[in-house]
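Engineer: Supplied structure: model.txt, compact mmCIF, C-alpha atoms.
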# COMPACT_ATOMS: atom_id res chain seq x y z
CA MET I 20 64.06 -27.52 -77.48
CA PRO I 21 64.51 -30.51 -79.85
CA ALA I 22 62.11 -30.58 -82.73
CA PRO I 23 59.25 -33.07 -82.40
CA SER I 24 59.71 -36.32 -84.29
CA GLU I 25 57.74 -37.03 -87.44
CA PRO I 26 54.48 -38.87 -86.72
CA GLY I 27 54.91 -42.57 -87.32
CA SER I 28 58.68 -42.32 -87.75
CA GLY I 29 59.34 -44.05 -84.43
CA ARG I 30 62.17 -41.63 -83.72
CA VAL I 31 62.29 -40.12 -80.24
CA ALA I 32 62.11 -36.32 -80.26
CA ASP I 33 65.21 -35.64 -78.17
CA ALA I 34 67.31 -38.51 -79.56
CA VAL I 35 70.66 -37.87 -81.21
CA ALA I 36 70.00 -37.32 -84.92
CA GLY I 37 71.52 -39.79 -87.37
CA HIS I 38 72.48 -42.39 -84.75
CA TRP I 39 73.09 -45.94 -85.99
CA ALA I 40 70.15 -47.16 -83.88
CA ASP I 41 67.83 -45.26 -86.23
CA ARG I 42 69.76 -45.98 -89.44
CA LEU I 43 71.17 -49.50 -89.22
CA ALA I 44 69.37 -51.49 -86.52
CA PRO I 45 66.51 -53.82 -87.58
CA ALA I 46 63.15 -52.09 -87.31
CA ALA I 47 61.91 -54.55 -84.69
CA ALA I 48 64.89 -53.81 -82.44
CA ARG I 49 64.69 -50.03 -82.61
CA PRO I 50 62.00 -49.50 -79.93
CA TYR I 51 64.06 -51.55 -77.46
CA LEU I 52 67.25 -49.68 -78.30
CA ARG I 53 65.32 -46.47 -77.66
CA LEU I 54 64.05 -47.81 -74.33
CA ALA I 55 67.69 -48.42 -73.39
CA ARG I 56 68.62 -44.93 -74.67
CA ILE I 57 71.32 -46.44 -76.88
CA GLU I 58 71.02 -43.46 -79.21
CA ARG I 59 71.76 -41.16 -76.25
CA PRO I 60 75.07 -42.44 -74.86
CA ILE I 61 75.49 -39.50 -72.49
CA GLY I 62 73.44 -41.39 -69.88
CA TRP I 63 75.74 -44.38 -69.66
CA TRP I 64 78.79 -42.11 -69.81
CA LEU I 65 77.55 -40.24 -66.75
CA LEU I 66 76.87 -43.54 -64.96
CA LEU I 67 80.27 -44.92 -65.98
CA LEU I 68 82.51 -41.98 -65.14
CA PRO I 69 82.16 -42.19 -61.33
CA CYS I 70 83.13 -45.89 -61.61
CA TRP I 71 86.23 -44.94 -63.56
CA TRP I 72 87.08 -42.07 -61.19
CA SER I 73 86.85 -44.46 -58.27
CA ALA I 74 88.95 -47.11 -60.01
CA ALA I 75 91.63 -44.54 -60.85
CA LEU I 76 91.59 -43.06 -57.35
CA ALA I 77 91.94 -46.56 -55.89
CA ALA I 78 94.93 -47.16 -58.16
CA VAL I 79 96.55 -43.99 -56.81
CA ALA I 80 95.95 -45.11 -53.22
CA ALA I 81 97.18 -48.65 -53.89
CA GLY I 82 100.31 -47.50 -55.73
CA ASN I 83 99.25 -49.30 -58.90
CA PRO I 84 100.37 -47.92 -62.29
CA GLY I 85 96.85 -47.19 -63.45
CA PRO I 86 93.32 -48.52 -62.87
CA HIS I 87 92.68 -52.23 -63.45
CA PRO I 88 91.87 -52.63 -67.19
CA GLY I 89 89.49 -55.52 -66.52
CA HIS I 90 87.57 -53.46 -64.00
CA LEU I 91 87.27 -50.56 -66.45
CA ALA I 92 85.87 -52.91 -69.10
CA LEU I 93 83.39 -54.50 -66.69
CA PHE I 94 82.22 -51.09 -65.52
CA LEU I 95 81.64 -50.08 -69.14
CA VAL I 96 79.45 -53.11 -69.88
CA GLY I 97 77.66 -52.74 -66.57
CA ALA I 98 77.01 -49.03 -67.07
CA VAL I 99 75.47 -49.55 -70.50
CA ALA I 100 73.30 -52.42 -69.25
CA MET I 101 72.17 -50.78 -66.03
CA ARG I 102 71.57 -47.39 -67.60
CA GLY I 103 69.38 -49.19 -70.13
CA ALA I 104 67.58 -51.09 -67.38
CA GLY I 105 67.10 -47.92 -65.34
CA SER I 106 65.78 -45.99 -68.34
CA THR I 107 63.38 -48.81 -69.19
CA TYR I 108 62.15 -48.95 -65.60
CA ASN I 109 61.75 -45.18 -65.54
CA ASP I 110 59.76 -45.27 -68.80
CA ILE I 111 57.45 -47.96 -67.43
CA ALA I 112 56.79 -45.92 -64.30
CA ASP I 113 56.41 -42.64 -66.22
CA ARG I 114 54.55 -43.84 -69.31
CA ARG I 115 51.42 -41.78 -68.55
CA LEU I 116 53.35 -38.67 -67.55
CA ASP I 117 55.60 -38.97 -70.61
CA ALA I 118 52.54 -38.91 -72.85
CA GLN I 119 51.80 -35.37 -71.59
CA VAL I 120 55.28 -33.89 -72.20
CA GLU I 121 56.32 -32.82 -75.70
CA ARG I 122 59.92 -34.03 -75.38
CA THR I 123 58.94 -37.51 -74.13
CA ARG I 124 55.60 -38.39 -75.74
CA SER I 125 57.40 -39.98 -78.72
CA ARG I 126 59.20 -42.52 -76.48
CA PRO I 127 58.38 -46.18 -77.23
CA LEU I 128 55.85 -46.76 -74.42
CA PRO I 129 53.68 -43.63 -74.63
CA SER I 130 53.78 -43.77 -78.44
CA GLY I 131 52.69 -47.44 -78.47
CA GLN I 132 55.80 -48.89 -80.14
CA VAL I 133 56.07 -51.51 -77.37
CA THR I 134 53.72 -52.81 -74.69
CA THR I 135 54.35 -52.55 -70.97
CA ARG I 136 54.85 -56.32 -70.77
CA GLN I 137 57.44 -56.26 -73.54
CA ALA I 138 59.26 -53.41 -71.84
CA ALA I 139 59.26 -55.31 -68.54
CA ALA I 140 60.78 -58.39 -70.19
CA PHE I 141 63.47 -56.21 -71.73
CA LEU I 142 64.14 -54.65 -68.33
CA VAL I 143 64.75 -58.09 -66.81
CA ALA I 144 67.13 -59.05 -69.62
CA GLN I 145 69.24 -55.92 -69.12
CA ALA I 146 69.25 -56.35 -65.34
CA LEU I 147 70.57 -59.90 -65.76
CA VAL I 148 73.48 -58.57 -67.82
CA GLY I 149 74.21 -56.11 -65.03
CA LEU I 150 74.06 -58.91 -62.47
CA ALA I 151 76.48 -61.03 -64.50
CA VAL I 152 78.93 -58.12 -64.48
CA LEU I 153 78.52 -57.50 -60.75
CA LEU I 154 79.24 -61.15 -59.93
CA GLN I 155 82.75 -60.77 -61.37
CA PHE I 156 83.79 -58.65 -58.39
CA ASN I 157 84.58 -59.50 -54.77
CA THR I 158 81.85 -60.28 -52.25
CA THR I 159 81.88 -56.83 -50.65
CA ALA I 160 81.59 -55.15 -54.04
CA ILE I 161 78.65 -57.40 -54.90
CA LEU I 162 76.86 -56.43 -51.68
CA VAL I 163 77.58 -52.72 -52.18
CA GLY I 164 76.36 -52.96 -55.77
CA MET I 165 73.12 -54.61 -54.68
CA LEU I 166 72.40 -51.74 -52.30
CA SER I 167 72.23 -49.35 -55.26
CA LEU I 168 68.88 -50.87 -56.22
CA ALA I 169 67.10 -48.98 -53.41
CA PRO I 170 67.55 -45.41 -54.77
CA VAL I 171 67.11 -46.70 -58.33
CA ALA I 172 63.75 -48.25 -57.42
CA ILE I 173 62.27 -45.15 -55.77
CA TYR I 174 63.64 -42.43 -58.06
CA PRO I 175 60.91 -42.46 -60.78
CA PHE I 176 58.24 -41.77 -58.15
CA MET I 177 60.03 -38.92 -56.40
CA LYS I 178 59.20 -36.36 -59.09
CA ARG I 179 55.56 -36.70 -58.04
CA VAL I 180 56.10 -35.94 -54.34
CA MET I 181 59.54 -34.38 -53.80
CA PRO I 182 60.49 -30.80 -54.73
CA MET I 183 64.01 -31.88 -55.72
CA PRO I 184 63.93 -35.47 -57.06
CA GLN I 185 67.44 -34.91 -58.49
CA ALA I 186 68.75 -35.60 -54.98
CA VAL I 187 67.55 -39.21 -55.22
CA LEU I 188 68.91 -39.49 -58.75
CA GLY I 189 72.24 -38.33 -57.34
CA LEU I 190 72.24 -41.13 -54.77
CA ALA I 191 71.63 -43.69 -57.53
CA PHE I 192 73.80 -42.34 -60.35
CA SER I 193 76.80 -41.76 -58.08
CA TRP I 194 77.04 -45.34 -56.82
CA GLY I 195 79.95 -46.11 -59.12
CA ALA I 196 82.09 -43.76 -57.04
CA LEU I 197 82.01 -46.49 -54.38
CA MET I 198 82.35 -49.46 -56.72
CA GLY I 199 85.79 -48.79 -58.21
CA TRP I 200 87.33 -48.45 -54.77
CA VAL I 201 85.64 -51.45 -53.17
CA ALA I 202 86.54 -53.60 -56.20
CA VAL I 203 90.22 -52.99 -55.41
CA PHE I 204 90.30 -52.92 -51.61
CA GLY I 205 87.25 -54.99 -50.66
CA ARG I 206 86.13 -52.26 -48.27
CA LEU I 207 84.92 -48.67 -48.23
CA ASP I 208 87.34 -46.02 -46.98
CA PRO I 209 86.95 -42.24 -46.50
CA PRO I 210 88.31 -41.28 -49.96
CA ALA I 211 85.58 -43.33 -51.64
CA LEU I 212 82.90 -41.83 -49.39
CA TRP I 213 84.11 -38.29 -50.11
CA LEU I 214 84.15 -39.08 -53.82
CA TYR I 215 80.60 -40.43 -53.60
CA ALA I 216 79.34 -37.37 -51.73
CA GLY I 217 80.90 -35.03 -54.29
CA THR I 218 79.49 -37.04 -57.16
CA VAL I 219 75.99 -36.75 -55.69
CA THR I 220 76.18 -32.96 -55.84
CA TRP I 221 77.64 -33.14 -59.36
CA VAL I 222 74.63 -35.20 -60.47
CA VAL I 223 72.19 -32.78 -58.83
CA GLY I 224 73.92 -29.93 -60.64
CA TYR I 225 73.98 -31.41 -64.12
CA ASP I 226 70.49 -32.90 -63.89
CA THR I 227 69.15 -29.53 -62.82
CA ILE I 228 70.62 -28.18 -66.06
CA TYR I 229 68.96 -31.04 -67.95
CA ALA I 230 65.59 -30.29 -66.34
CA VAL I 231 65.62 -26.77 -67.80
CA GLN I 232 64.34 -28.32 -71.06
CA ASP I 233 61.10 -29.40 -69.39
CA ILE I 234 60.28 -26.49 -67.09
CA GLU I 235 57.20 -25.34 -68.98
CA ASP I 236 55.74 -28.83 -69.50
CA ASP I 237 56.58 -29.83 -65.91
CA GLU I 238 54.71 -26.80 -64.61
CA ILE I 239 51.62 -27.79 -66.60
CA VAL I 240 51.70 -31.50 -65.69
CA GLY I 241 52.74 -30.94 -62.07
CA ILE I 242 56.09 -32.74 -62.16
CA HIS I 243 58.62 -31.54 -59.61
CA SER I 244 62.24 -30.76 -60.52
CA SER I 245 65.14 -28.80 -59.08
CA ALA I 246 65.00 -26.49 -62.12
CA ARG I 247 61.47 -25.50 -61.13
CA LEU I 248 62.41 -25.27 -57.47
CA PHE I 249 65.38 -22.96 -58.02
CA GLY I 250 63.65 -20.83 -60.66
CA ALA I 251 65.38 -17.46 -61.06
CA ARG I 252 68.19 -18.67 -58.75
CA LEU I 253 69.05 -21.53 -61.12
CA ARG I 254 72.60 -20.43 -61.92
CA LEU I 255 73.37 -19.75 -58.27
CA ALA I 256 72.03 -23.17 -57.22
CA VAL I 257 73.92 -25.07 -59.92
CA GLY I 258 77.04 -23.08 -59.09
CA LEU I 259 76.73 -24.04 -55.43
CA CYS I 260 76.24 -27.72 -56.35
CA TYR I 261 79.34 -27.66 -58.51
CA ALA I 262 81.39 -25.76 -55.92
CA LEU I 263 80.42 -28.34 -53.31
CA THR I 264 81.41 -31.11 -55.73
CA VAL I 265 84.93 -29.75 -56.07
CA ALA I 266 85.18 -29.10 -52.32
CA LEU I 267 84.19 -32.69 -51.51
CA PHE I 268 86.62 -34.09 -54.06
CA VAL I 269 89.52 -32.35 -52.28
CA PRO I 270 89.56 -34.72 -49.25
CA ALA I 271 88.95 -37.66 -51.61
CA LEU I 272 92.10 -36.90 -53.59
CA ALA I 273 94.09 -35.93 -50.50
CA GLY I 274 93.10 -39.10 -48.66
CA ALA I 275 94.12 -41.26 -51.62
CA GLY I 276 97.50 -39.54 -51.89
CA ALA I 277 96.93 -37.84 -55.24
CA GLY I 278 99.91 -36.12 -56.82
CA LEU I 279 100.30 -33.04 -59.01
CA LEU I 280 98.58 -34.56 -62.05
CA GLY I 281 95.51 -35.44 -60.03
CA TRP I 282 95.22 -31.93 -58.61
CA VAL I 283 95.68 -30.37 -62.04
CA GLY I 284 92.88 -32.60 -63.30
CA LEU I 285 90.60 -31.46 -60.49
CA ALA I 286 91.37 -27.82 -61.32
CA LEU I 287 90.53 -28.38 -64.99
CA PHE I 288 87.35 -30.21 -63.99
CA ALA I 289 86.37 -27.26 -61.79
CA ALA I 290 87.04 -24.81 -64.62
CA HIS I 291 84.79 -26.84 -66.93
CA LEU I 292 81.97 -26.77 -64.39
CA ALA I 293 82.41 -23.02 -63.89
CA ARG I 294 82.07 -22.48 -67.64
CA GLN I 295 78.78 -24.40 -67.62
CA VAL I 296 77.41 -22.13 -64.91
CA ALA I 297 78.52 -19.01 -66.78
CA LEU I 298 76.72 -20.10 -69.96
CA LEU I 299 73.55 -21.43 -68.32
CA SER I 300 70.21 -19.73 -69.00
CA GLU I 301 67.04 -20.72 -67.18
CA ARG I 302 64.85 -20.64 -70.30
CA ASP I 303 67.26 -21.83 -73.02
CA GLY I 304 66.54 -25.55 -73.33
CA ALA I 305 68.84 -26.14 -76.31
CA ARG I 306 71.82 -24.63 -74.53
CA ALA I 307 70.94 -26.51 -71.35
CA LEU I 308 71.05 -29.82 -73.23
CA ALA I 309 74.46 -28.99 -74.72
CA LEU I 310 75.82 -28.00 -71.30
CA PHE I 311 74.40 -31.14 -69.72
CA ARG I 312 76.09 -33.33 -72.33
CA SER I 313 79.39 -31.53 -71.84
CA ASN I 314 79.68 -33.19 -68.42
CA ARG I 315 81.02 -36.24 -70.20
CA ASP I 316 84.05 -34.20 -71.25
CA ALA I 317 84.44 -32.77 -67.75
CA GLY I 318 84.36 -36.28 -66.30
CA LEU I 319 86.85 -37.65 -68.83
CA ILE I 320 89.28 -34.84 -67.98
CA LEU I 321 89.22 -35.82 -64.32
CA PHE I 322 89.51 -39.54 -65.07
CA ALA I 323 92.44 -39.04 -67.46
CA ALA I 324 94.24 -36.94 -64.86
CA LEU I 325 93.72 -39.48 -62.07
CA ALA I 326 94.77 -42.36 -64.31
CA ALA I 327 97.88 -40.45 -65.39
CA ASP I 328 98.64 -39.65 -61.76
CA ALA I 329 98.39 -43.33 -60.85
CA LEU I 330 100.70 -44.23 -63.74
CA TRP I 331 103.24 -41.56 -62.81
CA GLN I 332 103.32 -42.49 -59.13
CA GLY I 333 103.11 -46.23 -59.75
CA LEU I 334 106.13 -46.24 -62.05
CA GLY I 335 108.05 -43.69 -60.02
Can the structure from this file be put into structure tokens for me?
Structural biologist:
Amino acid sequence: MPAPSEPGSGRVADAVAGHWADRLAPAAARPYLRLARIERPIGWWLLLLPCWWSAALAAVAAGNPGPHPGHLALFLVGAVAMRGAGSTYNDIADRRLDAQVERTRSRPLPSGQVTTRQAAAFLVAQALVGLAVLLQFNTTAILVGMLSLAPVAIYPFMKRVMPMPQAVLGLAFSWGALMGWVAVFGRLDPPALWLYAGTVTWVVGYDTIYAVQDIEDDEIVGIHSSARLFGARLRLAVGLCYALTVALFVPALAGAGAGLLGWVGLALFAAHLARQVALLSERDGARALALFRSNRDAGLILFAALAADALWQGLG
């Protein structure tokens, strides 16, 4: 488990140590940067990667020599903004629960660094940035993007009533797997839907690993999580989630016409996920956090392979 932050330091207990947000940003801006989780970039990486996978897979299907650079850049800005907005919204909804959990009680709202009204204003500002990004795409992509707000809105409340709230998080965090494809084709086709379905199970798997950090506190407070639900069968459950992810990605790649490089990338991605399962321990929070963060590398491997495949086929 991360060490608690020093009282009065303003630093969040599970934040990345030595980040520029804690060293260089003006003191008045730091609570807002923490609300947006700027010092924990893994969140926006995991939101971004399905967008990039989808963009690369669409490039393969369209015969383009790589994903659209402008789309990749827009997805990056949008992922940072919307991850920040989602985290802020989640913190507003969970401010009382967060005050009861060691890892989260030092966050800006439960620790009193910002008021709920200030956090709400910051949420609106970030959402407007996300909207500005979304409006750069075609009409169908805009409509599909708007639909993502439904699972985002209900997710923070699911941990109170649903044994596996990670399933709702999966629906929300996987939406980018649709966006890259629809931004190119203006419609949703089976490869994008298969990619989305596989990404949902990937999110459930890695967020179950993440939830290992909070098992003891969640049991005391009464917060539901898949880590609590699976208990002693944690490794088996995560392994099944990851196996299903790879299985669902197979028809996505096949339907898009992926070549050898794409399939090699999927194999390497699968090997990375298998390693996570092999190293996972149900009561080792520090290892769980490291394994959770390693999903960025797994996702980049798959994206690089799909982008290289698009380049190879597009120039061939």
Engineer: At a cut-off of 7 Å, using only C-alpha atoms, what residues contact stretch 311-313 of chain I? Leave out same-chain residues fewer than 3 positions from it and give the result as a PDB file with C-alpha atoms, keeping the file's coordinate frame.
Structural biologist:
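Result written to out36.pdb:
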ATOM      1  CA  ILE I  61      75.490 -39.500 -72.490  1.00  0.00           C
ATOM      2  CA  TYR I 225      73.980 -31.410 -64.120  1.00  0.00           C
ATOM      3  CA  ILE I 228      70.620 -28.180 -66.060  1.00  0.00           C
ATOM      4  CA  TYR I 229      68.960 -31.040 -67.950  1.00  0.00           C
ATOM      5  CA  ALA I 307      70.940 -26.510 -71.350  1.00  0.00           C
ATOM      6  CA  LEU I 308      71.050 -29.820 -73.230  1.00  0.00           C
ATOM      7  CA  ASP I 316      84.050 -34.200 -71.250  1.00  0.00           C
ATOM      8  CA  ALA I 317      84.440 -32.770 -67.750  1.00  0.00           C
TER       9      ALA I 317
END
Engineer: Tell me, in Å to one decimal, how far atom CA of I:Trp331 is from atom CA of I:Thr220.
Structural biologist: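 Between atom CA of I:Trp331 and atom CA of I:Thr220 the gap is 29.2 Å.
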Engineer: Could you please determine the separation between atom CA of I:Pro129 and atom CA of I:Tyr174 in Å, to one decimal place?
Structural biologist: 19.4 Å
Engineer: Find the residues near I:Gly318: any atom within 8 Å, counting only C-alpha atoms, skip ones fewer than 4 places away on the same chain, and give them as a PyMOL selection string.
Structural biologist: chain I and resi 65+68+288+314+322
Engineer: What's around I:Leu272 at 10 Å? Count all atoms listed in the file, leave out sequence neighbours fewer than 4 positions away in its own chain, and write the answer as a PyMOL selection string.
Structural biologist: chain I and resi 76-77+79-80+210-211+213-214+267-268+276-278+281-282+285+325
Engineer: Grab the residues selected above and save them as a JSON list (two decimals), keeping the file's coordinate frame with C-alpha atoms.
Structural biologist:
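File written: again_4.json
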[["chain", "number", "residue", "atom", "x", "y", "z"],
["I", 76, "LEU", "CA", 91.59, -43.06, -57.35],
["I", 77, "ALA", "CA", 91.94, -46.56, -55.89],
["I", 79, "VAL", "CA", 96.55, -43.99, -56.81],
["I", 80, "ALA", "CA", 95.95, -45.11, -53.22],
["I", 210, "PRO", "CA", 88.31, -41.28, -49.96],
["I", 211, "ALA", "CA", 85.58, -43.33, -51.64],
["I", 213, "TRP", "CA", 84.11, -38.29, -50.11],
["I", 214, "LEU", "CA", 84.15, -39.08, -53.82],
["I", 267, "LEU", "CA", 84.19, -32.69, -51.51],
["I", 268, "PHE", "CA", 86.62, -34.09, -54.06],
["I", 276, "GLY", "CA", 97.50, -39.54, -51.89],
["I", 277, "ALA", "CA", 96.93, -37.84, -55.24],
["I", 278, "GLY", "CA", 99.91, -36.12, -56.82],
["I", 281, "GLY", "CA", 95.51, -35.44, -60.03],
["I", 282, "TRP", "CA", 95.22, -31.93, -58.61],
["I", 285, "LEU", "CA", 90.60, -31.46, -60.49],
["I", 325, "LEU", "CA", 93.72, -39.48, -62.07]]
Engineer: Which protein, DNA or RNA residues have an atom at most 12 Å from (61.1, -37.5, -59.9), counting all atoms listed in the file? List them as a ChimeraX atom specification.
Structural biologist: /I:109-110,112-113,116,170-189,226-227,230,237,241-246
Engineer: Show me, as a PDB file with C-alpha atoms, in the frame of the given file, the residues that have an atom within 8 Å of I:Tyr215 when counting only C-alpha atoms, minus same-chain residues fewer than 5 positions from it.
Structural biologist:
ATOM      1  CA  SER I 193      76.800 -41.760 -58.080  1.00  0.00           C
ATOM      2  CA  TRP I 194      77.040 -45.340 -56.820  1.00  0.00           C
ATOM      3  CA  GLY I 195      79.950 -46.110 -59.120  1.00  0.00           C
ATOM      4  CA  ALA I 196      82.090 -43.760 -57.040  1.00  0.00           C
ATOM      5  CA  LEU I 197      82.010 -46.490 -54.380  1.00  0.00           C
TER       6      LEU I 197
END
Engineer: Of the residues I:Leu212, I:Val222, I:Ala273, I:Ala251, which is the one nearest to I:Ser300, using all atoms listed in the file?
Structural biologist: I:Ala251
Engineer: Kindly give the distance, in Å, that separates atom CA of I:Arg56 and atom CA of I:Leu319, rounded to a single decimal.
Structural biologist: 20.5 Å
Engineer: Which residues, protein or nucleic acid, reach to within 12 Å of (67.6, -21.1, -72.9) in the file's coordinates when using all atoms listed in the file, and can you give that as number ranges by chain?
Structural biologist: I: 20, 228-235, 253, 298-310
Engineer: Name the closest residue to I:Ser106 among the candidates I:Gly62, I:Gly250, I:Gly131, I:Gly274; distances are taken between atoms, counting only C-alpha atoms.
Structural biologist: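 Ranked by minimum distance to I:Ser106, first place goes to I:Gly62.
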Engineer: Which one is closest to I:Phe94: I:Leu52, I:Ala144, I:Ile57, I:Ala202? Count only C-alpha atoms.
Structural biologist: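 Once distances to I:Phe94 are computed over only C-alpha atoms, the minimum belongs to I:Ala202.
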Engineer: Considering all atoms listed in the file, state which residue in the set I:Tyr261, I:Glu58, I:Ala98, I:Leu150 is at the smallest distance from I:Leu43.
Structural biologist: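 Of all the options, I:Glu58 lies closest to I:Leu43.
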Engineer: Identify which of the residues I:Cys70, I:Ala271, I:Leu259, I:Ile111 lies closest to I:Pro127, counting only C-alpha atoms when measuring atom-to-atom distances.
Structural biologist: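 Ranking I:Cys70, I:Ala271, I:Leu259, I:Ile111 by distance to I:Pro127, first place goes to I:Ile111.
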Engineer: Give the centre and edge lengths of an axis-aligned box, in Å to one decimal, that holds all listed atoms of stretch 94-112 of chain I with 5 Å on each side, as lines of an AutoDock Vina configuration file.
Structural biologist:
center_x = 69.5
center_y = -49.1
center_z = -67.4
size_x = 35.4
size_y = 17.9
size_z = 16.2
Engineer: Go through I:Leu54, I:Val269, I:Thr218, I:Ala297 one by one, measure the shortest atom-to-atom distance of each to I:Ala140 using all atoms listed in the file, and give the residue with the smallest value.
Structural biologist: I:Leu54
Engineer: Starting from the sparse input, extend stretch 252-264 of chain I to N, CA, C and O atoms and give the output as a tab-separated table (two decimals), in the frame of the given file.
Structural biologist:
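Now in rebuild30.tsv:
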chain	number	residue	atom	x	y	z
I	252	ARG	N	66.89	-18.45	-59.41
I	252	ARG	CA	68.19	-18.67	-58.75
I	252	ARG	C	68.89	-19.90	-59.32
I	252	ARG	O	69.77	-20.48	-58.66
I	253	LEU	N	68.52	-20.31	-60.52
I	253	LEU	CA	69.05	-21.53	-61.12
I	253	LEU	C	70.57	-21.52	-61.20
I	253	LEU	O	71.23	-22.48	-60.76
I	254	ARG	N	71.14	-20.47	-61.76
I	254	ARG	CA	72.60	-20.43	-61.92
I	254	ARG	C	73.30	-20.47	-60.57
I	254	ARG	O	74.32	-21.15	-60.41
I	255	LEU	N	72.77	-19.74	-59.60
I	255	LEU	CA	73.37	-19.75	-58.27
I	255	LEU	C	73.33	-21.15	-57.67
I	255	LEU	O	74.32	-21.64	-57.11
I	256	ALA	N	72.19	-21.83	-57.81
I	256	ALA	CA	72.03	-23.17	-57.22
I	256	ALA	C	72.96	-24.17	-57.88
I	256	ALA	O	73.62	-24.97	-57.20
I	257	VAL	N	73.02	-24.15	-59.22
I	257	VAL	CA	73.92	-25.07	-59.92
I	257	VAL	C	75.37	-24.75	-59.56
I	257	VAL	O	76.19	-25.67	-59.34
I	258	GLY	N	75.68	-23.46	-59.48
I	258	GLY	CA	77.04	-23.08	-59.09
I	258	GLY	C	77.41	-23.60	-57.71
I	258	GLY	O	78.53	-24.07	-57.48
I	259	LEU	N	76.47	-23.53	-56.77
I	259	LEU	CA	76.73	-24.04	-55.43
I	259	LEU	C	76.91	-25.56	-55.43
I	259	LEU	O	77.76	-26.10	-54.72
I	260	CYS	N	76.09	-26.25	-56.23
I	260	CYS	CA	76.24	-27.72	-56.35
I	260	CYS	C	77.62	-28.07	-56.86
I	260	CYS	O	78.31	-28.95	-56.33
I	261	TYR	N	78.04	-27.37	-57.91
I	261	TYR	CA	79.34	-27.66	-58.51
I	261	TYR	C	80.49	-27.28	-57.58
I	261	TYR	O	81.51	-27.99	-57.51
I	262	ALA	N	80.35	-26.15	-56.87
I	262	ALA	CA	81.39	-25.76	-55.92
I	262	ALA	C	81.53	-26.80	-54.81
I	262	ALA	O	82.64	-27.14	-54.39
I	263	LEU	N	80.40	-27.31	-54.34
I	263	LEU	CA	80.42	-28.34	-53.31
I	263	LEU	C	81.04	-29.63	-53.84
I	263	LEU	O	81.78	-30.32	-53.12
I	264	THR	N	80.78	-29.94	-55.11
I	264	THR	CA	81.41	-31.11	-55.73
I	264	THR	C	82.93	-31.03	-55.64
I	264	THR	O	83.60	-31.97	-55.18
